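Read the structure below first, then the notes.
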Amino acid sequence: MEQMISIILKATWQTLYMVVVSTTIAVILGFIPAVILTLTAEDGLKPNKVVYGILDVIVNVFRSFPFVILMIIVIPVTRILAGSSIGTTAAIVPLTIYAVPFIARVFENALRETDPGVIEAAKSFGATDMQIIFRVYFKESVPRIINGIVLLIINMVGASAMAGTLGGGGLGDVAIRKGYQGYDINYLIVTSAVLIILVQLVQAVGNMIYKKKS
């Protein structure tokens, strides 16, 4: 029993490590294409069909790959950035690549839902594009952005479990090695329970933050 607890605790820490680091990087990187897409959209501050079209296709292409396939495709990139294609740290690379286009689209939708009247009012007061982005678009979109981040984290918990099946470590790895291959249903039950608890905690915290910001 003690051995199981030790293994589960270590795997939970690895899962949290993968999710937190990859989500943080993805949120930072994803905000950049989201802003560009918002600015260059037909109803944006700087409409540009070419830029929007190219970036839109890139985001859609990367969003189309199932995570397991994406992990295999980006193995050369993972080796370059992480020095290995196996391990918890290595799994952060494909997780981040998987998350960036997803959160970029979520952020874009959140920003573009900003009331056009508020944007026009800011323009009439002489606000610059950068001021409108951060003081109007971003400020008005905070609750929606929070919801998007919560959704991303929940997706990343599931993706990190899949990463474990390909040598990424974490709860998914324990479920496969100890539970499935080791024919021990207790590991399958416990890892599943921990994953469910993690998702519920993320959703609960996200809901609390959303209510405070709304």
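In the structure tokens, the first chain shown is A, the next is B, and so on; residue numbers restart at 1 for each chain, and ligands run from 1 in the order shown.
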
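Residues in contact with Ile97 (chain A) at 10 Å, where only C-alpha atoms are counted and same-chain residues fewer than 6 positions away are skipped, are listed as Ser22, Ile25, Ala26, Leu29, Gly30, Phe62, Arg63, Phe67, Leu70, Met71 and Val74 of chain A.
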
Writer output for current selection, N, CA and C atoms, as an mmCIF file, in the first residue's frame:
data_model
loop_
_atom_site.group_PDB
_atom_site.id
_atom_site.type_symbol
_atom_site.label_atom_id
_atom_site.label_comp_id
_atom_site.auth_asym_id
_atom_site.auth_seq_id
_atom_site.Cartn_x
_atom_site.Cartn_y
_atom_site.Cartn_z
ATOM 1 N N SER A 22 3.595 23.497 -19.264
ATOM 2 C CA SER A 22 3.129 23.587 -20.653
ATOM 3 C C SER A 22 1.989 24.594 -20.790
ATOM 4 N N ILE A 25 3.486 28.245 -20.582
ATOM 5 C CA ILE A 25 4.167 28.614 -21.832
ATOM 6 C C ILE A 25 3.155 28.833 -22.948
ATOM 7 N N ALA A 26 2.156 27.945 -23.026
ATOM 8 C CA ALA A 26 1.147 28.034 -24.082
ATOM 9 C C ALA A 26 0.322 29.308 -23.966
ATOM 10 N N LEU A 29 2.625 32.192 -25.186
ATOM 11 C CA LEU A 29 2.836 32.142 -26.638
ATOM 12 C C LEU A 29 1.518 32.281 -27.404
ATOM 13 N N GLY A 30 0.451 31.724 -26.876
ATOM 14 C CA GLY A 30 -0.838 31.755 -27.562
ATOM 15 C C GLY A 30 -1.452 33.135 -27.637
ATOM 16 N N PHE A 62 -2.641 22.908 -36.939
ATOM 17 C CA PHE A 62 -2.076 22.325 -35.716
ATOM 18 C C PHE A 62 -3.157 21.857 -34.752
ATOM 19 N N ARG A 63 -4.330 22.492 -34.800
ATOM 20 C CA ARG A 63 -5.436 22.059 -33.949
ATOM 21 C C ARG A 63 -6.044 20.752 -34.442
ATOM 22 N N PHE A 67 -3.451 14.487 -30.310
ATOM 23 C CA PHE A 67 -2.225 14.689 -29.532
ATOM 24 C C PHE A 67 -1.230 13.547 -29.676
ATOM 25 N N LEU A 70 0.560 13.956 -32.865
ATOM 26 C CA LEU A 70 1.424 15.139 -32.784
ATOM 27 C C LEU A 70 2.693 14.849 -31.998
ATOM 28 N N MET A 71 2.559 14.084 -30.925
ATOM 29 C CA MET A 71 3.728 13.725 -30.115
ATOM 30 C C MET A 71 4.782 13.015 -30.949
ATOM 31 N N VAL A 74 6.464 15.473 -33.699
ATOM 32 C CA VAL A 74 7.401 16.499 -33.209
ATOM 33 C C VAL A 74 8.563 15.911 -32.416
#

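Residues in contact with Leu166 (chain A) at 9 Å, where only C-alpha atoms are counted and same-chain residues fewer than 2 positions away are skipped, are listed as Val68, Met71, Ile72, Ile86, Gly87, Ala91, Met162, Ala163, Gly164, Gly168, Gly169 and Asp173 of chain A.
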
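Considering the residues A:Ala122, A:Leu55, A:Ile146, A:Ile154 and counting only C-alpha atoms, Pro33 (chain A) has its shortest atom-to-atom contact with A:Leu55.
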
Taking only region 83-204 of chain A into account, list the residues labelled helix (DSSP H, G or I) by DSSP (computed from the backbone), as a CSV table (one decimal) with N, CA, C and O atoms, in the first residue's frame.
chain,number,residue,atom,x,y,z
A,88,THR,N,9.4,13.2,-18.5
A,88,THR,CA,8.4,14.2,-18.1
A,88,THR,C,8.7,15.6,-18.8
A,88,THR,O,7.8,16.3,-19.3
A,89,THR,N,10.0,16.0,-18.7
A,89,THR,CA,10.4,17.3,-19.3
A,89,THR,C,10.2,17.3,-20.8
A,89,THR,O,9.7,18.3,-21.4
A,90,ALA,N,10.6,16.2,-21.4
A,90,ALA,CA,10.4,16.1,-22.9
A,90,ALA,C,9.0,16.2,-23.3
A,90,ALA,O,8.6,16.7,-24.4
A,91,ALA,N,8.0,15.7,-22.5
A,91,ALA,CA,6.6,15.7,-22.8
A,91,ALA,C,6.1,17.1,-22.9
A,91,ALA,O,5.0,17.3,-23.5
A,92,ILE,N,6.7,18.0,-22.2
A,92,ILE,CA,6.3,19.4,-22.2
A,92,ILE,C,6.3,20.0,-23.6
A,92,ILE,O,5.4,20.9,-23.9
A,93,VAL,N,7.2,19.6,-24.4
A,93,VAL,CA,7.4,20.2,-25.7
A,93,VAL,C,6.1,19.9,-26.6
A,93,VAL,O,5.5,20.8,-27.1
A,94,PRO,N,5.7,18.6,-26.8
A,94,PRO,CA,4.5,18.4,-27.6
A,94,PRO,C,3.3,18.9,-26.9
A,94,PRO,O,2.3,19.3,-27.6
A,95,LEU,N,3.2,18.9,-25.6
A,95,LEU,CA,2.1,19.4,-24.9
A,95,LEU,C,1.9,20.9,-25.2
A,95,LEU,O,0.8,21.4,-25.4
A,96,THR,N,3.0,21.6,-25.2
A,96,THR,CA,2.9,23.1,-25.5
A,96,THR,C,2.5,23.3,-26.9
A,96,THR,O,1.7,24.2,-27.2
A,97,ILE,N,3.1,22.6,-27.8
A,97,ILE,CA,2.8,22.7,-29.2
A,97,ILE,C,1.3,22.4,-29.5
A,97,ILE,O,0.7,23.1,-30.3
A,98,TYR,N,0.8,21.4,-28.8
A,98,TYR,CA,-0.6,21.1,-28.9
A,98,TYR,C,-1.5,22.2,-28.3
A,98,TYR,O,-2.6,22.4,-28.8
A,99,ALA,N,-1.0,22.8,-27.2
A,99,ALA,CA,-1.9,23.8,-26.5
A,99,ALA,C,-1.9,25.2,-27.1
A,99,ALA,O,-2.9,25.8,-27.1
A,100,VAL,N,-0.8,25.6,-27.8
A,100,VAL,CA,-0.7,27.0,-28.3
A,100,VAL,C,-1.8,27.3,-29.3
A,100,VAL,O,-2.5,28.3,-29.1
A,101,PRO,N,-2.0,26.5,-30.3
A,101,PRO,CA,-3.1,26.8,-31.3
A,101,PRO,C,-4.5,26.8,-30.7
A,101,PRO,O,-5.4,27.6,-31.0
A,102,PHE,N,-4.7,25.9,-29.7
A,102,PHE,CA,-6.0,25.8,-29.0
A,102,PHE,C,-6.3,27.0,-28.3
A,102,PHE,O,-7.4,27.6,-28.4
A,103,ILE,N,-5.3,27.5,-27.4
A,103,ILE,CA,-5.6,28.6,-26.6
A,103,ILE,C,-5.6,29.9,-27.4
A,103,ILE,O,-6.2,30.9,-27.1
A,104,ALA,N,-4.8,29.9,-28.5
A,104,ALA,CA,-4.8,31.1,-29.4
A,104,ALA,C,-6.2,31.3,-30.0
A,104,ALA,O,-6.7,32.5,-30.0
A,105,ARG,N,-6.9,30.3,-30.4
A,105,ARG,CA,-8.2,30.4,-30.9
A,105,ARG,C,-9.2,30.8,-29.8
A,105,ARG,O,-10.1,31.6,-30.1
A,106,VAL,N,-9.0,30.2,-28.7
A,106,VAL,CA,-9.9,30.6,-27.5
A,106,VAL,C,-9.8,32.1,-27.2
A,106,VAL,O,-10.7,32.8,-27.0
A,107,PHE,N,-8.5,32.5,-27.1
A,107,PHE,CA,-8.2,34.0,-26.8
A,107,PHE,C,-8.8,34.9,-27.9
A,107,PHE,O,-9.3,35.9,-27.6
A,108,GLU,N,-8.6,34.5,-29.2
A,108,GLU,CA,-9.1,35.3,-30.3
A,108,GLU,C,-10.6,35.4,-30.1
A,108,GLU,O,-11.2,36.6,-30.3
A,109,ASN,N,-11.3,34.3,-29.9
A,109,ASN,CA,-12.8,34.4,-29.8
A,109,ASN,C,-13.2,35.3,-28.6
A,109,ASN,O,-14.2,36.1,-28.7
A,110,ALA,N,-12.4,35.2,-27.5
A,110,ALA,CA,-12.7,36.0,-26.3
A,110,ALA,C,-12.5,37.5,-26.6
A,110,ALA,O,-13.4,38.3,-26.2
A,111,LEU,N,-11.4,37.8,-27.3
A,111,LEU,CA,-11.1,39.2,-27.6
A,111,LEU,C,-12.2,39.8,-28.6
A,111,LEU,O,-12.6,41.0,-28.4
A,112,ARG,N,-12.5,39.0,-29.5
A,112,ARG,CA,-13.4,39.5,-30.6
A,112,ARG,C,-14.9,39.7,-30.1
A,112,ARG,O,-15.7,40.3,-30.8
A,116,PRO,N,-18.2,46.3,-29.7
A,116,PRO,CA,-17.7,47.3,-30.7
A,116,PRO,C,-17.9,48.7,-30.2
A,116,PRO,O,-17.1,49.6,-30.5
A,117,GLY,N,-19.0,49.0,-29.5
A,117,GLY,CA,-19.2,50.4,-29.0
A,117,GLY,C,-18.2,50.8,-28.1
A,117,GLY,O,-17.8,52.0,-28.1
A,118,VAL,N,-17.7,49.9,-27.2
A,118,VAL,CA,-16.6,50.3,-26.3
A,118,VAL,C,-15.3,50.6,-27.0
A,118,VAL,O,-14.6,51.6,-26.7
A,119,ILE,N,-15.0,49.9,-28.1
A,119,ILE,CA,-13.8,50.1,-28.9
A,119,ILE,C,-13.9,51.4,-29.6
A,119,ILE,O,-13.0,52.2,-29.7
A,120,GLU,N,-15.1,51.7,-30.2
A,120,GLU,CA,-15.3,53.0,-30.9
A,120,GLU,C,-15.1,54.2,-29.9
A,120,GLU,O,-14.6,55.2,-30.3
A,121,ALA,N,-15.6,54.0,-28.7
A,121,ALA,CA,-15.5,55.0,-27.7
A,121,ALA,C,-14.0,55.3,-27.4
A,121,ALA,O,-13.6,56.5,-27.2
A,122,ALA,N,-13.3,54.2,-27.3
A,122,ALA,CA,-11.8,54.4,-27.0
A,122,ALA,C,-11.1,55.1,-28.1
A,122,ALA,O,-10.2,55.9,-27.9
A,123,LYS,N,-11.5,54.8,-29.4
A,123,LYS,CA,-10.9,55.4,-30.5
A,123,LYS,C,-11.2,56.9,-30.5
A,123,LYS,O,-10.4,57.8,-30.8
A,124,SER,N,-12.5,57.3,-30.1
A,124,SER,CA,-12.9,58.7,-30.1
A,124,SER,C,-12.1,59.5,-29.1
A,124,SER,O,-11.9,60.7,-29.2
A,129,ASP,N,-3.6,51.9,-30.7
A,129,ASP,CA,-4.0,50.5,-30.9
A,129,ASP,C,-3.6,49.6,-29.7
A,129,ASP,O,-4.3,48.7,-29.3
A,130,MET,N,-2.4,49.8,-29.2
A,130,MET,CA,-1.9,49.1,-28.1
A,130,MET,C,-2.7,49.3,-26.8
A,130,MET,O,-3.0,48.4,-26.0
A,131,GLN,N,-3.1,50.6,-26.6
A,131,GLN,CA,-4.0,50.9,-25.5
A,131,GLN,C,-5.3,50.2,-25.6
A,131,GLN,O,-5.9,49.7,-24.6
A,132,ILE,N,-5.9,50.2,-26.8
A,132,ILE,CA,-7.2,49.5,-27.0
A,132,ILE,C,-7.0,48.0,-26.8
A,132,ILE,O,-7.9,47.4,-26.2
A,133,ILE,N,-5.9,47.4,-27.2
A,133,ILE,CA,-5.7,46.0,-27.0
A,133,ILE,C,-5.7,45.6,-25.5
A,133,ILE,O,-6.4,44.7,-25.1
A,134,PHE,N,-4.9,46.4,-24.8
A,134,PHE,CA,-4.7,46.0,-23.4
A,134,PHE,C,-5.8,46.6,-22.4
A,134,PHE,O,-6.1,46.0,-21.4
A,135,ARG,N,-6.2,47.8,-22.7
A,135,ARG,CA,-7.2,48.5,-21.8
A,135,ARG,C,-8.6,48.3,-22.2
A,135,ARG,O,-9.5,48.5,-21.4
A,136,VAL,N,-8.9,47.8,-23.4
A,136,VAL,CA,-10.3,47.6,-23.8
A,136,VAL,C,-10.5,46.1,-24.1
A,136,VAL,O,-11.2,45.4,-23.4
A,137,TYR,N,-9.8,45.6,-25.2
A,137,TYR,CA,-10.0,44.2,-25.6
A,137,TYR,C,-9.7,43.2,-24.4
A,137,TYR,O,-10.6,42.4,-24.0
A,138,PHE,N,-8.5,43.4,-23.8
A,138,PHE,CA,-8.1,42.5,-22.8
A,138,PHE,C,-8.9,42.6,-21.5
A,138,PHE,O,-9.4,41.7,-20.9
A,139,LYS,N,-9.1,43.9,-21.1
A,139,LYS,CA,-9.8,44.1,-19.9
A,139,LYS,C,-11.3,43.6,-19.9
A,139,LYS,O,-11.8,43.0,-19.0
A,140,GLU,N,-11.9,43.8,-21.1
A,140,GLU,CA,-13.3,43.4,-21.2
A,140,GLU,C,-13.4,41.9,-21.4
A,140,GLU,O,-14.5,41.3,-21.2
A,141,SER,N,-12.3,41.2,-21.8
A,141,SER,CA,-12.3,39.8,-22.0
A,141,SER,C,-11.8,38.9,-20.9
A,141,SER,O,-11.8,37.7,-21.1
A,142,VAL,N,-11.4,39.5,-19.8
A,142,VAL,CA,-10.8,38.7,-18.7
A,142,VAL,C,-11.7,37.5,-18.3
A,142,VAL,O,-11.1,36.4,-18.2
A,143,PRO,N,-13.0,37.7,-18.0
A,143,PRO,CA,-13.7,36.5,-17.6
A,143,PRO,C,-13.7,35.4,-18.6
A,143,PRO,O,-13.6,34.2,-18.3
A,144,ARG,N,-13.8,35.8,-19.9
A,144,ARG,CA,-13.8,34.8,-21.0
A,144,ARG,C,-12.5,34.1,-21.1
A,144,ARG,O,-12.3,32.9,-21.4
A,145,ILE,N,-11.4,34.9,-20.9
A,145,ILE,CA,-10.1,34.4,-21.0
A,145,ILE,C,-9.8,33.4,-19.9
A,145,ILE,O,-9.2,32.3,-20.1
A,146,ILE,N,-10.3,33.7,-18.7
A,146,ILE,CA,-10.2,32.8,-17.5
A,146,ILE,C,-10.9,31.5,-17.8
A,146,ILE,O,-10.3,30.4,-17.6
A,147,ASN,N,-12.1,31.5,-18.4
A,147,ASN,CA,-12.8,30.3,-18.8
A,147,ASN,C,-12.0,29.5,-19.8
A,147,ASN,O,-11.9,28.3,-19.7
A,148,GLY,N,-11.3,30.2,-20.7
A,148,GLY,CA,-10.5,29.5,-21.7
A,148,GLY,C,-9.3,28.8,-21.1
A,148,GLY,O,-9.0,27.7,-21.5
A,149,ILE,N,-8.7,29.5,-20.2
A,149,ILE,CA,-7.5,28.9,-19.5
A,149,ILE,C,-7.9,27.7,-18.7
A,149,ILE,O,-7.2,26.7,-18.7
A,150,VAL,N,-9.0,27.8,-18.0
A,150,VAL,CA,-9.5,26.6,-17.3
A,150,VAL,C,-9.8,25.4,-18.2
A,150,VAL,O,-9.4,24.3,-17.9
A,151,LEU,N,-10.4,25.7,-19.3
A,151,LEU,CA,-10.7,24.7,-20.3
A,151,LEU,C,-9.4,24.1,-20.8
A,151,LEU,O,-9.3,22.8,-21.0
A,152,LEU,N,-8.4,24.9,-21.0
A,152,LEU,CA,-7.1,24.4,-21.5
A,152,LEU,C,-6.4,23.5,-20.5
A,152,LEU,O,-5.9,22.4,-20.8
A,153,ILE,N,-6.5,23.9,-19.2
A,153,ILE,CA,-5.8,23.1,-18.2
A,153,ILE,C,-6.5,21.7,-18.1
A,153,ILE,O,-5.8,20.7,-18.0
A,154,ILE,N,-7.8,21.7,-18.2
A,154,ILE,CA,-8.5,20.4,-18.1
A,154,ILE,C,-8.1,19.6,-19.3
A,154,ILE,O,-7.9,18.3,-19.2
A,155,ASN,N,-8.0,20.2,-20.5
A,155,ASN,CA,-7.6,19.4,-21.7
A,155,ASN,C,-6.1,18.9,-21.5
A,155,ASN,O,-5.8,17.8,-22.0
A,156,MET,N,-5.3,19.7,-20.9
A,156,MET,CA,-3.9,19.4,-20.7
A,156,MET,C,-3.8,18.2,-19.7
A,156,MET,O,-2.8,17.4,-19.8
A,157,VAL,N,-4.7,18.1,-18.7
A,157,VAL,CA,-4.6,17.0,-17.8
A,157,VAL,C,-4.8,15.7,-18.6
A,157,VAL,O,-4.1,14.7,-18.4
A,158,GLY,N,-5.8,15.7,-19.5
A,158,GLY,CA,-6.1,14.5,-20.3
A,158,GLY,C,-4.9,14.3,-21.2
A,158,GLY,O,-4.5,13.1,-21.4
A,159,ALA,N,-4.4,15.3,-21.8
A,159,ALA,CA,-3.3,15.1,-22.8
A,159,ALA,C,-2.0,14.6,-22.1
A,159,ALA,O,-1.3,13.8,-22.6
A,160,SER,N,-1.8,15.1,-20.8
A,160,SER,CA,-0.6,14.6,-20.1
A,160,SER,C,-0.7,13.1,-19.8
A,160,SER,O,0.3,12.4,-19.7
A,161,ALA,N,-2.0,12.7,-19.6
A,161,ALA,CA,-2.2,11.2,-19.3
A,161,ALA,C,-1.8,10.4,-20.6
A,161,ALA,O,-1.2,9.4,-20.5
A,162,MET,N,-2.2,11.0,-21.8
A,162,MET,CA,-1.8,10.3,-23.0
A,162,MET,C,-0.3,10.3,-23.2
A,162,MET,O,0.3,9.4,-23.8
A,163,ALA,N,0.3,11.4,-22.8
A,163,ALA,CA,1.8,11.5,-22.9
A,163,ALA,C,2.5,10.4,-22.1
A,163,ALA,O,3.5,9.9,-22.5
A,164,GLY,N,1.8,10.0,-21.0
A,164,GLY,CA,2.4,9.0,-20.2
A,164,GLY,C,2.5,7.6,-21.0
A,164,GLY,O,3.4,6.8,-20.7
A,170,GLY,N,4.1,10.4,-15.3
A,170,GLY,CA,2.9,10.9,-14.8
A,170,GLY,C,1.8,9.8,-14.6
A,170,GLY,O,2.1,8.6,-14.6
A,171,LEU,N,0.6,10.2,-14.3
A,171,LEU,CA,-0.5,9.3,-14.0
A,171,LEU,C,-0.8,8.3,-15.1
A,171,LEU,O,-1.1,7.2,-14.9
A,172,GLY,N,-0.7,8.8,-16.4
A,172,GLY,CA,-1.0,8.0,-17.5
A,172,GLY,C,0.0,6.8,-17.6
A,172,GLY,O,-0.4,5.7,-17.9
A,173,ASP,N,1.3,7.1,-17.3
A,173,ASP,CA,2.3,6.1,-17.4
A,173,ASP,C,2.0,5.0,-16.3
A,173,ASP,O,2.2,3.8,-16.6
A,174,VAL,N,1.7,5.4,-15.1
A,174,VAL,CA,1.4,4.5,-14.0
A,174,VAL,C,0.2,3.6,-14.4
A,174,VAL,O,0.2,2.4,-14.2
A,175,ALA,N,-0.9,4.3,-15.0
A,175,ALA,CA,-2.1,3.5,-15.3
A,175,ALA,C,-1.8,2.4,-16.4
A,175,ALA,O,-2.3,1.3,-16.3
A,176,ILE,N,-0.9,2.7,-17.3
A,176,ILE,CA,-0.5,1.8,-18.3
A,176,ILE,C,0.4,0.7,-17.8
A,176,ILE,O,0.1,-0.5,-17.9
A,177,ARG,N,1.5,1.1,-17.2
A,177,ARG,CA,2.5,0.1,-16.7
A,177,ARG,C,2.0,-0.7,-15.6
A,177,ARG,O,2.2,-1.9,-15.6
A,178,LYS,N,1.5,-0.1,-14.5
A,178,LYS,CA,1.1,-0.8,-13.3
A,178,LYS,C,-0.3,-1.3,-13.4
A,178,LYS,O,-0.6,-2.4,-12.9
A,179,GLY,N,-1.2,-0.5,-14.0
A,179,GLY,CA,-2.5,-1.0,-14.1
A,179,GLY,C,-2.8,-1.9,-15.2
A,179,GLY,O,-3.3,-3.1,-15.0
A,180,TYR,N,-2.6,-1.5,-16.4
A,180,TYR,CA,-2.9,-2.3,-17.6
A,180,TYR,C,-1.9,-3.5,-17.8
A,180,TYR,O,-2.3,-4.7,-17.8
A,185,ILE,N,-5.8,-3.7,-11.2
A,185,ILE,CA,-6.9,-2.8,-11.4
A,185,ILE,C,-6.9,-1.6,-10.3
A,185,ILE,O,-7.4,-0.6,-10.6
A,186,ASN,N,-6.2,-1.9,-9.2
A,186,ASN,CA,-6.2,-0.8,-8.2
A,186,ASN,C,-5.5,0.4,-8.7
A,186,ASN,O,-5.9,1.5,-8.4
A,187,TYR,N,-4.4,0.2,-9.5
A,187,TYR,CA,-3.7,1.4,-10.0
A,187,TYR,C,-4.6,2.1,-11.0
A,187,TYR,O,-4.6,3.4,-11.1
A,188,LEU,N,-5.4,1.4,-11.8
A,188,LEU,CA,-6.3,2.0,-12.8
A,188,LEU,C,-7.3,2.8,-12.1
A,188,LEU,O,-7.7,4.0,-12.5
A,189,ILE,N,-7.9,2.3,-11.0
A,189,ILE,CA,-8.9,3.0,-10.2
A,189,ILE,C,-8.4,4.2,-9.6
A,189,ILE,O,-9.0,5.3,-9.6
A,190,VAL,N,-7.2,4.1,-8.9
A,190,VAL,CA,-6.6,5.2,-8.2
A,190,VAL,C,-6.2,6.4,-9.1
A,190,VAL,O,-6.5,7.5,-8.9
A,191,THR,N,-5.5,6.0,-10.2
A,191,THR,CA,-5.1,7.0,-11.2
A,191,THR,C,-6.3,7.7,-11.8
A,191,THR,O,-6.2,9.0,-12.0
A,192,SER,N,-7.3,7.0,-12.1
A,192,SER,CA,-8.5,7.6,-12.7
A,192,SER,C,-9.1,8.6,-11.7
A,192,SER,O,-9.6,9.7,-12.0
A,193,ALA,N,-9.2,8.1,-10.4
A,193,ALA,CA,-9.8,9.0,-9.3
A,193,ALA,C,-9.0,10.3,-9.1
A,193,ALA,O,-9.6,11.3,-9.0
A,194,VAL,N,-7.7,10.1,-9.2
A,194,VAL,CA,-6.8,11.3,-9.0
A,194,VAL,C,-7.0,12.3,-10.2
A,194,VAL,O,-7.1,13.5,-10.0
A,195,LEU,N,-7.1,11.8,-11.4
A,195,LEU,CA,-7.3,12.6,-12.6
A,195,LEU,C,-8.7,13.3,-12.5
A,195,LEU,O,-8.8,14.5,-12.8
A,196,ILE,N,-9.7,12.6,-12.0
A,196,ILE,CA,-11.0,13.2,-11.9
A,196,ILE,C,-11.0,14.3,-10.8
A,196,ILE,O,-11.6,15.4,-11.0
A,197,ILE,N,-10.3,14.1,-9.7
A,197,ILE,CA,-10.2,15.1,-8.6
A,197,ILE,C,-9.5,16.3,-9.1
A,197,ILE,O,-9.9,17.4,-8.8
A,198,LEU,N,-8.4,16.1,-9.9
A,198,LEU,CA,-7.6,17.3,-10.4
A,198,LEU,C,-8.5,18.1,-11.3
A,198,LEU,O,-8.5,19.4,-11.2
A,199,VAL,N,-9.3,17.5,-12.2
A,199,VAL,CA,-10.2,18.2,-13.1
A,199,VAL,C,-11.2,19.0,-12.3
A,199,VAL,O,-11.5,20.2,-12.6
A,200,GLN,N,-11.8,18.3,-11.3
A,200,GLN,CA,-12.8,19.0,-10.5
A,200,GLN,C,-12.3,20.2,-9.7
A,200,GLN,O,-12.9,21.2,-9.6
A,201,LEU,N,-11.1,20.0,-9.2
A,201,LEU,CA,-10.4,21.2,-8.5
A,201,LEU,C,-10.2,22.3,-9.4
A,201,LEU,O,-10.4,23.5,-9.0
A,202,VAL,N,-9.6,22.0,-10.6
A,202,VAL,CA,-9.4,23.1,-11.6
A,202,VAL,C,-10.6,23.8,-11.9
A,202,VAL,O,-10.7,25.1,-12.0
A,203,GLN,N,-11.7,23.1,-12.2
A,203,GLN,CA,-13.0,23.7,-12.6
A,203,GLN,C,-13.6,24.5,-11.4
A,203,GLN,O,-14.1,25.6,-11.6
A,204,ALA,N,-13.4,24.0,-10.2
A,204,ALA,CA,-14.0,24.8,-9.0
A,204,ALA,C,-13.2,26.1,-8.8
A,204,ALA,O,-13.8,27.1,-8.6

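CA of Gly83 (chain A) is found 17.8 Å from CA of Tyr17 (chain A).
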
Practice problem: Could you please determine the separation between CA of Gly206 (chain A) and CA of Val27 (chain A) in Å, to one decimal place? | Solution: 15.3 Å
